[in-house]
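With JSON, C-alpha atoms inside, this is my_file_22.json:
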```
[["chain", "number", "residue", "atom", "x", "y", "z"],
["A", 1, "MET", "CA", 107.33, 78.59, 123.95],
["A", 2, "THR", "CA", 106.49, 77.26, 120.57],
["A", 3, "GLY", "CA", 103.46, 78.70, 118.81],
["A", 4, "VAL", "CA", 102.20, 80.86, 116.02],
["A", 5, "ARG", "CA", 102.26, 84.15, 117.93],
["A", 6, "LYS", "CA", 104.99, 86.49, 116.74],
["A", 7, "LEU", "CA", 104.92, 89.28, 119.34],
["A", 8, "GLU", "CA", 108.20, 88.75, 121.20],
["A", 9, "TYR", "CA", 108.25, 91.44, 123.90],
["A", 10, "VAL", "CA", 106.76, 94.81, 124.77],
["A", 11, "HIS", "CA", 108.46, 97.65, 126.62],
["A", 12, "LEU", "CA", 105.82, 99.57, 128.58],
["A", 13, "GLN", "CA", 105.98, 102.79, 130.53],
["A", 14, "VAL", "CA", 104.06, 102.90, 133.80],
["A", 15, "THR", "CA", 103.15, 105.72, 136.18],
["A", 16, "ASP", "CA", 104.26, 103.83, 139.29],
["A", 17, "LEU", "CA", 106.77, 101.02, 138.96],
["A", 18, "ASP", "CA", 106.17, 99.49, 142.40],
["A", 19, "ASP", "CA", 102.39, 99.34, 141.95],
["A", 20, "ALA", "CA", 102.72, 97.89, 138.45],
["A", 21, "LEU", "CA", 105.23, 95.24, 139.50],
["A", 22, "ALA", "CA", 103.09, 94.20, 142.46],
["A", 23, "PHE", "CA", 100.23, 93.45, 140.06],
["A", 24, "TYR", "CA", 102.42, 91.78, 137.42],
["A", 25, "THR", "CA", 104.16, 89.47, 139.90],
["A", 26, "THR", "CA", 101.53, 88.89, 142.61],
["A", 27, "VAL", "CA", 98.31, 88.75, 140.58],
["A", 28, "MET", "CA", 99.54, 87.73, 137.11],
["A", 29, "GLY", "CA", 102.37, 85.60, 138.48],
["A", 30, "LEU", "CA", 105.01, 86.89, 136.06],
["A", 31, "ASN", "CA", 108.65, 86.13, 136.86],
["A", 32, "GLU", "CA", 111.12, 88.95, 137.34],
["A", 33, "TYR", "CA", 114.25, 88.13, 135.35],
["A", 34, "ASP", "CA", 116.37, 91.24, 135.66],
["A", 35, "TYR", "CA", 116.48, 94.73, 137.07],
["A", 36, "ASP", "CA", 119.16, 97.18, 135.95],
["A", 37, "GLY", "CA", 117.92, 100.37, 137.57],
["A", 38, "ASP", "CA", 116.18, 101.60, 134.42],
["A", 39, "HIS", "CA", 113.76, 98.83, 133.61],
["A", 40, "VAL", "CA", 112.48, 95.51, 134.88],
["A", 41, "ALA", "CA", 112.29, 92.41, 132.68],
["A", 42, "LEU", "CA", 109.49, 89.90, 133.25],
["A", 43, "GLY", "CA", 108.25, 86.70, 131.67],
["A", 44, "CYS", "CA", 105.45, 84.15, 131.91],
["A", 45, "GLY", "CA", 107.83, 81.45, 133.17],
["A", 46, "LEU", "CA", 107.28, 78.60, 130.72],
["A", 47, "ASP", "CA", 110.61, 79.55, 129.15],
["A", 48, "ASP", "CA", 113.39, 81.98, 129.96],
["A", 49, "ARG", "CA", 112.36, 84.63, 127.43],
["A", 50, "VAL", "CA", 111.52, 88.20, 128.29],
["A", 51, "ASP", "CA", 107.88, 89.07, 127.56],
["A", 52, "LEU", "CA", 107.63, 92.47, 129.21],
["A", 53, "LEU", "CA", 110.03, 95.32, 129.95],
["A", 54, "VAL", "CA", 108.74, 97.99, 132.33],
["A", 55, "THR", "CA", 110.03, 101.52, 132.92],
["A", 56, "GLU", "CA", 108.59, 104.18, 135.21],
["A", 57, "GLY", "CA", 107.51, 107.44, 133.59],
["A", 58, "GLY", "CA", 104.17, 107.92, 131.83],
["A", 59, "THR", "CA", 102.13, 105.18, 130.18],
["A", 60, "GLY", "CA", 101.99, 103.36, 126.85],
["A", 61, "VAL", "CA", 104.50, 101.78, 124.49],
["A", 62, "ALA", "CA", 108.22, 102.56, 124.62],
["A", 63, "GLU", "CA", 108.87, 99.77, 122.09],
["A", 64, "PHE", "CA", 107.34, 96.52, 120.91],
["A", 65, "ALA", "CA", 109.13, 93.70, 119.11],
["A", 66, "VAL", "CA", 108.02, 91.13, 116.57],
["A", 67, "ARG", "CA", 110.00, 87.91, 116.20],
["A", 68, "VAL", "CA", 111.42, 86.97, 112.80],
["A", 69, "PRO", "CA", 112.56, 83.42, 112.07],
["A", 70, "ASP", "CA", 116.25, 83.88, 111.30],
["A", 71, "GLU", "CA", 119.09, 86.29, 110.58],
["A", 72, "ALA", "CA", 118.56, 86.05, 106.81],
["A", 73, "THR", "CA", 114.96, 87.20, 107.13],
["A", 74, "LEU", "CA", 116.06, 90.02, 109.43],
["A", 75, "ALA", "CA", 118.67, 91.15, 106.89],
["A", 76, "ASP", "CA", 116.06, 91.16, 104.11],
["A", 77, "LEU", "CA", 113.65, 93.21, 106.22],
["A", 78, "GLU", "CA", 116.40, 95.66, 107.15],
["A", 79, "THR", "CA", 117.11, 96.13, 103.45],
["A", 80, "GLN", "CA", 113.43, 96.83, 102.85],
["A", 81, "LEU", "CA", 113.47, 99.42, 105.63],
["A", 82, "ASN", "CA", 116.55, 101.06, 104.15],
["A", 83, "ASP", "CA", 114.95, 101.08, 100.69],
["A", 84, "ALA", "CA", 111.96, 102.86, 102.21],
["A", 85, "ASP", "CA", 114.33, 105.46, 103.79],
["A", 86, "VAL", "CA", 113.47, 104.33, 107.33],
["A", 87, "ASP", "CA", 116.14, 104.98, 109.96],
["A", 88, "VAL", "CA", 117.03, 101.88, 112.00],
["A", 89, "LYS", "CA", 118.50, 101.64, 115.49],
["A", 90, "ASP", "CA", 119.25, 98.98, 118.09],
["A", 91, "PRO", "CA", 116.27, 97.52, 120.02],
["A", 92, "HIS", "CA", 115.65, 98.19, 123.71],
["A", 93, "GLY", "CA", 115.32, 94.50, 124.54],
["A", 94, "PRO", "CA", 117.80, 91.64, 125.07],
["A", 95, "TYR", "CA", 117.79, 90.27, 121.52],
["A", 96, "ASP", "CA", 119.57, 91.17, 118.28],
["A", 97, "GLY", "CA", 117.53, 93.06, 115.72],
["A", 98, "VAL", "CA", 116.60, 96.45, 114.32],
["A", 99, "ALA", "CA", 114.30, 99.15, 115.69],
["A", 100, "PHE", "CA", 112.49, 101.98, 113.89],
["A", 101, "VAL", "CA", 109.36, 104.08, 114.18],
["A", 102, "LEU", "CA", 105.99, 103.60, 112.50],
["A", 103, "PRO", "CA", 104.22, 106.52, 110.80],
["A", 104, "SER", "CA", 102.50, 107.14, 114.15],
["A", 105, "GLU", "CA", 105.97, 107.52, 115.77],
["A", 106, "ILE", "CA", 105.46, 104.34, 117.83],
["A", 107, "ARG", "CA", 108.75, 102.48, 118.13],
["A", 108, "MET", "CA", 108.82, 98.92, 116.75],
["A", 109, "ALA", "CA", 111.58, 96.31, 116.58],
["A", 110, "LEU", "CA", 112.25, 93.14, 114.62],
["A", 111, "VAL", "CA", 114.29, 90.63, 116.60],
["A", 112, "VAL", "CA", 115.80, 87.16, 116.34],
["A", 113, "PRO", "CA", 115.93, 85.68, 119.86],
["A", 114, "ASP", "CA", 118.55, 82.94, 120.30],
["A", 115, "SER", "CA", 119.27, 82.90, 116.57],
["A", 116, "GLY", "CA", 115.62, 82.15, 115.87],
["A", 117, "ARG", "CA", 115.53, 78.94, 117.93],
["A", 118, "ARG", "CA", 112.14, 78.18, 119.50],
["A", 119, "GLU", "CA", 112.43, 75.27, 121.92],
["A", 120, "TYR", "CA", 109.84, 72.58, 122.44],
["A", 121, "HIS", "CA", 108.25, 72.98, 125.85],
["A", 122, "HIS", "CA", 106.73, 70.11, 127.80],
["A", 123, "PRO", "CA", 104.09, 71.24, 130.35],
["A", 124, "SER", "CA", 105.45, 68.94, 133.07],
["A", 125, "GLU", "CA", 108.85, 70.67, 132.96],
["A", 126, "PRO", "CA", 108.30, 74.41, 133.49],
["A", 127, "ASN", "CA", 111.33, 76.67, 133.60],
["A", 128, "THR", "CA", 110.08, 78.00, 136.96],
["A", 129, "PRO", "CA", 109.02, 75.16, 139.31],
["A", 130, "ASP", "CA", 106.78, 77.38, 141.50],
["A", 131, "ARG", "CA", 105.01, 79.02, 138.55],
["A", 132, "SER", "CA", 101.29, 79.52, 139.17],
["A", 133, "ALA", "CA", 98.82, 77.62, 137.02],
["A", 134, "LEU", "CA", 96.86, 80.88, 136.69],
["A", 135, "THR", "CA", 99.75, 82.77, 135.08],
["A", 136, "PRO", "CA", 99.20, 83.58, 131.37],
["A", 137, "LEU", "CA", 100.85, 81.14, 128.99],
["A", 138, "ASP", "CA", 102.57, 83.79, 126.91],
["A", 139, "LEU", "CA", 102.45, 87.29, 125.53],
["A", 140, "ASP", "CA", 99.78, 87.27, 122.82],
["A", 141, "HIS", "CA", 99.39, 90.45, 120.75],
["A", 142, "ILE", "CA", 99.47, 94.21, 120.93],
["A", 143, "ASN", "CA", 96.75, 96.67, 119.92],
["A", 144, "LEU", "CA", 98.31, 100.06, 119.27],
["A", 145, "ALA", "CA", 96.54, 103.42, 119.47],
["A", 146, "SER", "CA", 97.11, 105.60, 116.41],
["A", 147, "THR", "CA", 95.57, 108.71, 114.88],
["A", 148, "ASP", "CA", 95.95, 107.02, 111.47],
["A", 149, "PRO", "CA", 95.56, 103.22, 111.66],
["A", 150, "ARG", "CA", 95.63, 102.94, 107.87],
["A", 151, "ALA", "CA", 99.06, 104.56, 107.57],
["A", 152, "ASP", "CA", 100.57, 102.26, 110.17],
["A", 153, "ALA", "CA", 98.92, 99.14, 108.72],
["A", 154, "GLU", "CA", 100.02, 99.96, 105.17],
["A", 155, "PHE", "CA", 103.57, 100.44, 106.43],
["A", 156, "LEU", "CA", 103.45, 97.00, 108.06],
["A", 157, "ARG", "CA", 102.01, 95.47, 104.89],
["A", 158, "ASN", "CA", 103.97, 97.28, 102.19],
["A", 159, "VAL", "CA", 107.38, 97.59, 103.86],
["A", 160, "LEU", "CA", 107.53, 94.56, 106.16],
["A", 161, "GLY", "CA", 105.25, 92.06, 104.41],
["A", 162, "PHE", "CA", 102.57, 91.72, 107.10],
["A", 163, "ASN", "CA", 99.17, 90.38, 106.08],
["A", 164, "VAL", "CA", 95.95, 92.20, 106.95],
["A", 165, "SER", "CA", 93.25, 90.04, 108.54],
["A", 166, "ASP", "CA", 90.39, 92.46, 109.28],
["A", 167, "ILE", "CA", 89.66, 96.12, 108.61],
["A", 168, "ARG", "CA", 86.92, 98.03, 110.38],
["A", 169, "LYS", "CA", 85.93, 101.21, 108.54],
["A", 170, "THR", "CA", 83.24, 103.87, 108.43],
["A", 171, "ASP", "CA", 80.69, 104.35, 105.66],
["A", 172, "ARG", "CA", 83.06, 106.94, 104.16],
["A", 173, "GLY", "CA", 85.88, 104.40, 104.03],
["A", 174, "TYR", "CA", 87.91, 105.73, 106.96],
["A", 175, "TRP", "CA", 89.80, 102.96, 108.75],
["A", 176, "THR", "CA", 89.09, 102.89, 112.49],
["A", 177, "GLN", "CA", 90.71, 99.55, 113.33],
["A", 178, "VAL", "CA", 93.06, 97.13, 111.55],
["A", 179, "PHE", "CA", 94.27, 93.64, 112.51],
["A", 180, "THR", "CA", 97.60, 92.55, 111.00],
["A", 181, "ARG", "CA", 99.70, 89.42, 111.26],
["A", 182, "PHE", "CA", 103.28, 88.40, 110.49],
["A", 183, "GLY", "CA", 102.45, 84.70, 110.30],
["A", 184, "ASP", "CA", 99.28, 82.64, 110.74],
["A", 185, "TYR", "CA", 97.98, 84.15, 113.98],
["A", 186, "HIS", "CA", 94.95, 86.37, 113.34],
["A", 187, "HIS", "CA", 96.66, 89.45, 114.76],
["A", 188, "ASP", "CA", 100.11, 90.03, 116.16],
["A", 189, "VAL", "CA", 99.74, 93.81, 115.77],
["A", 190, "ALA", "CA", 96.32, 95.48, 115.74],
["A", 191, "ILE", "CA", 95.80, 99.23, 115.49],
["A", 192, "THR", "CA", 92.86, 101.21, 116.88],
["A", 193, "ILE", "CA", 92.06, 104.83, 116.14],
["A", 194, "THR", "CA", 92.55, 107.55, 118.74],
["A", 195, "THR", "CA", 92.12, 111.30, 118.60],
["A", 196, "ASP", "CA", 95.02, 111.96, 120.99],
["A", 197, "ILE", "CA", 98.42, 112.00, 119.29],
["A", 198, "SER", "CA", 100.11, 111.13, 122.60],
["A", 199, "ASP", "CA", 98.29, 107.77, 122.82],
["A", 200, "THR", "CA", 100.29, 104.69, 121.87],
["A", 201, "LEU", "CA", 98.44, 101.71, 123.36],
["A", 202, "HIS", "CA", 94.87, 100.48, 123.36],
["A", 203, "HIS", "CA", 95.79, 97.21, 125.04],
["A", 204, "LEU", "CA", 98.41, 94.52, 125.50],
["A", 205, "ALA", "CA", 97.08, 90.95, 125.34],
["A", 206, "TRP", "CA", 98.13, 87.75, 127.11],
["A", 207, "THR", "CA", 97.33, 84.16, 126.17],
["A", 208, "MET", "CA", 95.12, 82.09, 128.46],
["A", 209, "THR", "CA", 94.27, 78.41, 128.06],
["A", 210, "ASP", "CA", 90.48, 78.54, 127.82],
["A", 211, "ILE", "CA", 87.35, 80.07, 129.34],
["A", 212, "ALA", "CA", 87.93, 78.26, 132.64],
["A", 213, "HIS", "CA", 91.37, 79.86, 132.89],
["A", 214, "LEU", "CA", 89.82, 83.28, 132.19],
["A", 215, "LYS", "CA", 87.06, 82.75, 134.76],
["A", 216, "THR", "CA", 89.40, 81.68, 137.55],
["A", 217, "PHE", "CA", 91.85, 84.45, 136.77],
["A", 218, "ALA", "CA", 88.98, 86.98, 136.87],
["A", 219, "ASP", "CA", 88.12, 85.74, 140.36],
["A", 220, "LEU", "CA", 91.75, 86.26, 141.38],
["A", 221, "VAL", "CA", 91.81, 89.78, 139.97],
["A", 222, "VAL", "CA", 88.68, 90.74, 141.92],
["A", 223, "GLN", "CA", 90.01, 89.13, 145.11],
["A", 224, "HIS", "CA", 93.00, 91.46, 144.87],
["A", 225, "GLY", "CA", 90.75, 94.51, 144.68],
["A", 226, "HIS", "CA", 90.74, 95.16, 140.93],
["A", 227, "ASN", "CA", 87.78, 95.39, 138.55],
["A", 228, "LEU", "CA", 87.24, 94.18, 135.00],
["A", 229, "GLU", "CA", 86.55, 96.86, 132.41],
["A", 230, "LEU", "CA", 84.88, 94.45, 129.96],
["A", 231, "GLY", "CA", 84.17, 90.75, 129.49],
["A", 232, "ILE", "CA", 84.09, 87.85, 129.46],
["A", 233, "GLY", "CA", 82.93, 87.94, 125.82],
["A", 234, "ARG", "CA", 83.83, 86.74, 122.34],
["A", 235, "HIS", "CA", 85.26, 89.07, 119.71],
["A", 236, "ASN", "CA", 84.09, 89.34, 116.13],
["A", 237, "ALA", "CA", 87.58, 89.97, 114.72],
["A", 238, "GLY", "CA", 89.72, 86.96, 115.63],
["A", 239, "GLY", "CA", 86.87, 85.02, 117.25],
["A", 240, "ASN", "CA", 88.65, 84.98, 120.59],
["A", 241, "LEU", "CA", 87.35, 84.94, 124.13],
["A", 242, "PHE", "CA", 88.37, 88.07, 126.02],
["A", 243, "MET", "CA", 88.33, 90.14, 129.15],
["A", 244, "TYR", "CA", 89.94, 93.52, 129.82],
["A", 245, "LEU", "CA", 91.11, 95.47, 132.82],
["A", 246, "TRP", "CA", 93.15, 98.57, 133.60],
["A", 247, "THR", "CA", 96.30, 97.55, 135.44],
["A", 248, "PRO", "CA", 98.14, 99.54, 138.11],
["A", 249, "GLY", "CA", 100.59, 101.74, 136.26],
["A", 250, "GLY", "CA", 98.04, 102.97, 133.75],
["A", 251, "ASN", "CA", 97.84, 100.45, 130.88],
["A", 252, "ARG", "CA", 94.96, 98.25, 129.69],
["A", 253, "PHE", "CA", 95.57, 94.50, 129.47],
["A", 254, "GLU", "CA", 93.49, 91.91, 127.63],
["A", 255, "PHE", "CA", 93.47, 88.25, 128.62],
["A", 256, "ASN", "CA", 92.26, 86.04, 125.77],
["A", 257, "ALA", "CA", 91.92, 82.51, 124.44],
["A", 258, "GLU", "CA", 91.00, 80.76, 121.18],
["A", 259, "VAL", "CA", 92.34, 83.35, 118.71],
["A", 260, "ALA", "CA", 91.81, 82.24, 115.11],
["A", 261, "THR", "CA", 94.60, 81.31, 112.72],
["A", 262, "LEU", "CA", 94.69, 82.13, 109.01],
["A", 263, "ASP", "CA", 97.02, 81.46, 106.11],
["A", 264, "ALA", "CA", 98.57, 83.68, 103.46],
["A", 265, "THR", "CA", 95.67, 83.11, 101.05],
["A", 266, "SER", "CA", 92.97, 84.21, 103.51],
["A", 267, "PRO", "CA", 91.19, 87.31, 102.16],
["A", 268, "VAL", "CA", 90.94, 90.55, 104.09],
["A", 269, "ARG", "CA", 87.60, 90.84, 105.86],
["A", 270, "TYR", "CA", 85.95, 94.27, 105.96],
["A", 271, "GLN", "CA", 83.58, 95.27, 108.76],
["A", 272, "GLY", "CA", 81.48, 98.33, 109.46],
["A", 273, "THR", "CA", 81.40, 100.28, 112.68],
["A", 274, "GLU", "CA", 77.70, 99.99, 113.39],
["A", 275, "GLY", "CA", 76.22, 97.89, 116.21],
["A", 276, "ASN", "CA", 78.27, 96.02, 118.78],
["A", 277, "SER", "CA", 81.64, 95.70, 117.07],
["A", 278, "VAL", "CA", 83.35, 94.33, 120.19],
["A", 279, "SER", "CA", 81.47, 91.14, 121.14],
["A", 280, "ILE", "CA", 79.33, 88.74, 119.13],
["A", 281, "TRP", "CA", 77.62, 87.71, 122.37],
["A", 282, "ASP", "CA", 74.57, 89.93, 122.60],
["A", 283, "GLY", "CA", 74.41, 91.63, 125.97],
["A", 284, "VAL", "CA", 78.19, 92.09, 126.34],
["A", 285, "TYR", "CA", 78.68, 95.76, 125.46],
["A", 286, "PRO", "CA", 81.77, 97.88, 126.01],
["A", 287, "PRO", "CA", 81.69, 100.85, 128.36],
["A", 288, "LYS", "CA", 82.47, 104.29, 126.97],
["A", 289, "SER", "CA", 86.01, 104.04, 128.33],
["A", 290, "PHE", "CA", 86.80, 101.11, 126.05],
["A", 291, "LYS", "CA", 86.35, 103.24, 122.92],
["A", 292, "THR", "CA", 87.66, 106.54, 124.25],
["A", 293, "ARG", "CA", 90.51, 105.77, 126.68],
["A", 294, "CYS", "CA", 94.00, 104.70, 125.64],
["A", 295, "SER", "CA", 97.45, 105.02, 127.17]]
```
Show me, as structure tokens, the structure contained in the file I just sent.
Amino acid sequence: MTGVRKLEYVHLQVTDLDDALAFYTTVMGLNEYDYDGDHVALGCGLDDRVDLLVTEGGTGVAEFAVRVPDEATLADLETQLNDADVDVKDPHGPYDGVAFVLPSEIRMALVVPDSGRREYHHPSEPNTPDRSALTPLDLDHINLASTDPRADAEFLRNVLGFNVSDIRKTDRGYWTQVFTRFGDYHHDVAITITTDISDTLHHLAWTMTDIAHLKTFADLVVQHGHNLELGIGRHNAGGNLFMYLWTPGGNRFEFNAEVATLDATSPVRYQGTEGNSVSIWDGVYPPKSFKTRCS
């Protein structure tokens, strides 16, 4: 799909592959593209690109990949990684690129799918004819869990040229949450503080069309015996509509719409941690799990 989002795919670990796949394919309507015995590849079905790789064994992020526009940009970024003494490896996913670890030890990749080509998609011609209208449009963004969000965000900014959109910090200046972008989308990679060094993921987000899409999808989720953790609400950072749930397999997913776009000249916005920092709609407050539980 065309668009301003730059998150290309995420490789997740799940506690039970069969349970996770049942939710991803039956409830979310994702298409299964490949299974090689080690991982399953899935996508939203409006194109033939892989959005999600899934492997059984634990929870959280095995790798996430950000799309770069072309091979020349990839070569420049690889040089910057080498100059910063960062070891690079091959990505887990199906596309050419480089992989490395952030200061938090979370594995990240930069990839160029199909030599950077992003095809125009017409809604009347889906890649999968039986694709459900309730299926998310695309992978949206990732929100990592890190014991030091500032270190990871400064790596993204200083080594890879990401822009910072929002920073949430305490009165003493300690960063608790950072929203970063590789292009114009408010956040491709966000980072939320955790006290557990084994945590890697706060949530993985998927793009929905609008609030009607969210509402109908929420009904579907409940009909299949699952509960929302939070939402529907509207975030402060990014301005987007949201809802969250814990999916079978042990990872939190967000489904969102109307995320803001910025440009390179947009200033960083600083926020405190007081009050309801999750939703600007008064009365929509996060449960304790939202601020304390990661995967």
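Comparing A:Ala153, A:Thr261, A:Asn143, A:Val159 by their smallest distance to Cys294 of chain A, the closest is A:Asn143 (using all atoms listed in the file).
The gap separating atom CA of Ala260 of chain A from atom CA of Gly29 of chain A is 25.9 Å, in Å to one decimal.
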Expected axis-aligned box over every listed atom of segment 16-33 of chain A, 3 Å added per side, centre plus edges in Å to one decimal, as JSON:
```
{"center_x": 106.3, "center_y": 94.7, "center_z": 139.0, "size_x": 21.9, "size_y": 24.2, "size_z": 13.3}
```
Segment 148-220 of chain A near segment 132-136 of chain A within 9 Å: what's each residue's closest atom pair and its distance in Å to one decimal, counting only C-alpha atoms, ordered by chain then ascending residue number, as JSON lines?
```
{"residue": "A:Trp206", "atom": "CA", "partner": "A:Pro136", "partner_atom": "CA", "distance": 6.1}
{"residue": "A:Thr207", "atom": "CA", "partner": "A:Pro136", "partner_atom": "CA", "distance": 5.6}
{"residue": "A:Met208", "atom": "CA", "partner": "A:Pro136", "partner_atom": "CA", "distance": 5.2}
{"residue": "A:Thr209", "atom": "CA", "partner": "A:Pro136", "partner_atom": "CA", "distance": 7.9}
{"residue": "A:His213", "atom": "CA", "partner": "A:Leu134", "partner_atom": "CA", "distance": 6.8}
{"residue": "A:Leu214", "atom": "CA", "partner": "A:Leu134", "partner_atom": "CA", "distance": 8.7}
{"residue": "A:Thr216", "atom": "CA", "partner": "A:Leu134", "partner_atom": "CA", "distance": 7.6}
{"residue": "A:Phe217", "atom": "CA", "partner": "A:Leu134", "partner_atom": "CA", "distance": 6.2}
{"residue": "A:Leu220", "atom": "CA", "partner": "A:Leu134", "partner_atom": "CA", "distance": 8.8}
```
Quick one: write out the picked residues with C-alpha atoms as a PDB file, in the coordinates of the input?
```
ATOM      1  CA  TRP A 206      98.130  87.750 127.110  1.00  0.00           C
ATOM      2  CA  THR A 207      97.330  84.160 126.170  1.00  0.00           C
ATOM      3  CA  MET A 208      95.120  82.090 128.460  1.00  0.00           C
ATOM      4  CA  THR A 209      94.270  78.410 128.060  1.00  0.00           C
ATOM      5  CA  HIS A 213      91.370  79.860 132.890  1.00  0.00           C
ATOM      6  CA  LEU A 214      89.820  83.280 132.190  1.00  0.00           C
ATOM      7  CA  THR A 216      89.400  81.680 137.550  1.00  0.00           C
ATOM      8  CA  PHE A 217      91.850  84.450 136.770  1.00  0.00           C
ATOM      9  CA  LEU A 220      91.750  86.260 141.380  1.00  0.00           C
TER      10      LEU A 220
END
```
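One finds atom CA of Val284 of chain A at 22.0 Å from atom CA of His186 of chain A.
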Show me the residues close to (101.4, 100.3, 130.3) - anything with an atom within 8 Å, counting all atoms listed in the file - and format the list as a ChimeraX atom specification.
/A:12-14,54,59-61,201,247,249-252,295
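Using all atoms listed in the file for every distance, the candidate list A:Asp138, A:Asp184, A:Asp199, A:Asp70 yields A:Asp70 as the residue closest to Gly97 of chain A.
Picture a line from atom CA of Arg131 of chain A to atom CA of Asp16 of chain A; it runs 24.8 Å.
Using all atoms listed in the file, the nearest neighbour of Trp175 of chain A within the list A:Pro69, A:Gly283, A:Pro149, A:Pro91 is A:Pro149.
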Residues within 8 Å of Leu81 of chain A, please, as a PyMOL selection string. Count only C-alpha atoms; anything in the same chain fewer than 5 positions from it doesn't count.
chain A and resi 86-88+159-160
Excluding Pro113 of chain A and any residue of its chain fewer than 6 positions from it, enumerate the residues within 8 Å of it, using only C-alpha atoms, and give them as a ChimeraX atom specification.
/A:67,95-96
Check the smallest atom-to-atom distance from each of A:Ser198, A:Glu56, A:Asp34, A:Arg49 to Asp18 of chain A using all atoms listed in the file, then report the winner.
A:Glu56
Counting only C-alpha atoms, which residues have an atom no more than 9 Å from (85.1, 86.3, 120.0) in the file's coordinates? Please list them as a count of residues only.
17
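Considering the residues A:Lys169, A:Lys89, A:Arg150, A:Arg157 and counting all atoms listed in the file, Arg269 of chain A has its shortest atom-to-atom contact with A:Lys169.
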Which of these, A:Leu42, A:Leu204, A:Val178, A:Val66, has the shortest distance to Ile191 of chain A once you count all atoms listed in the file?
A:Val178
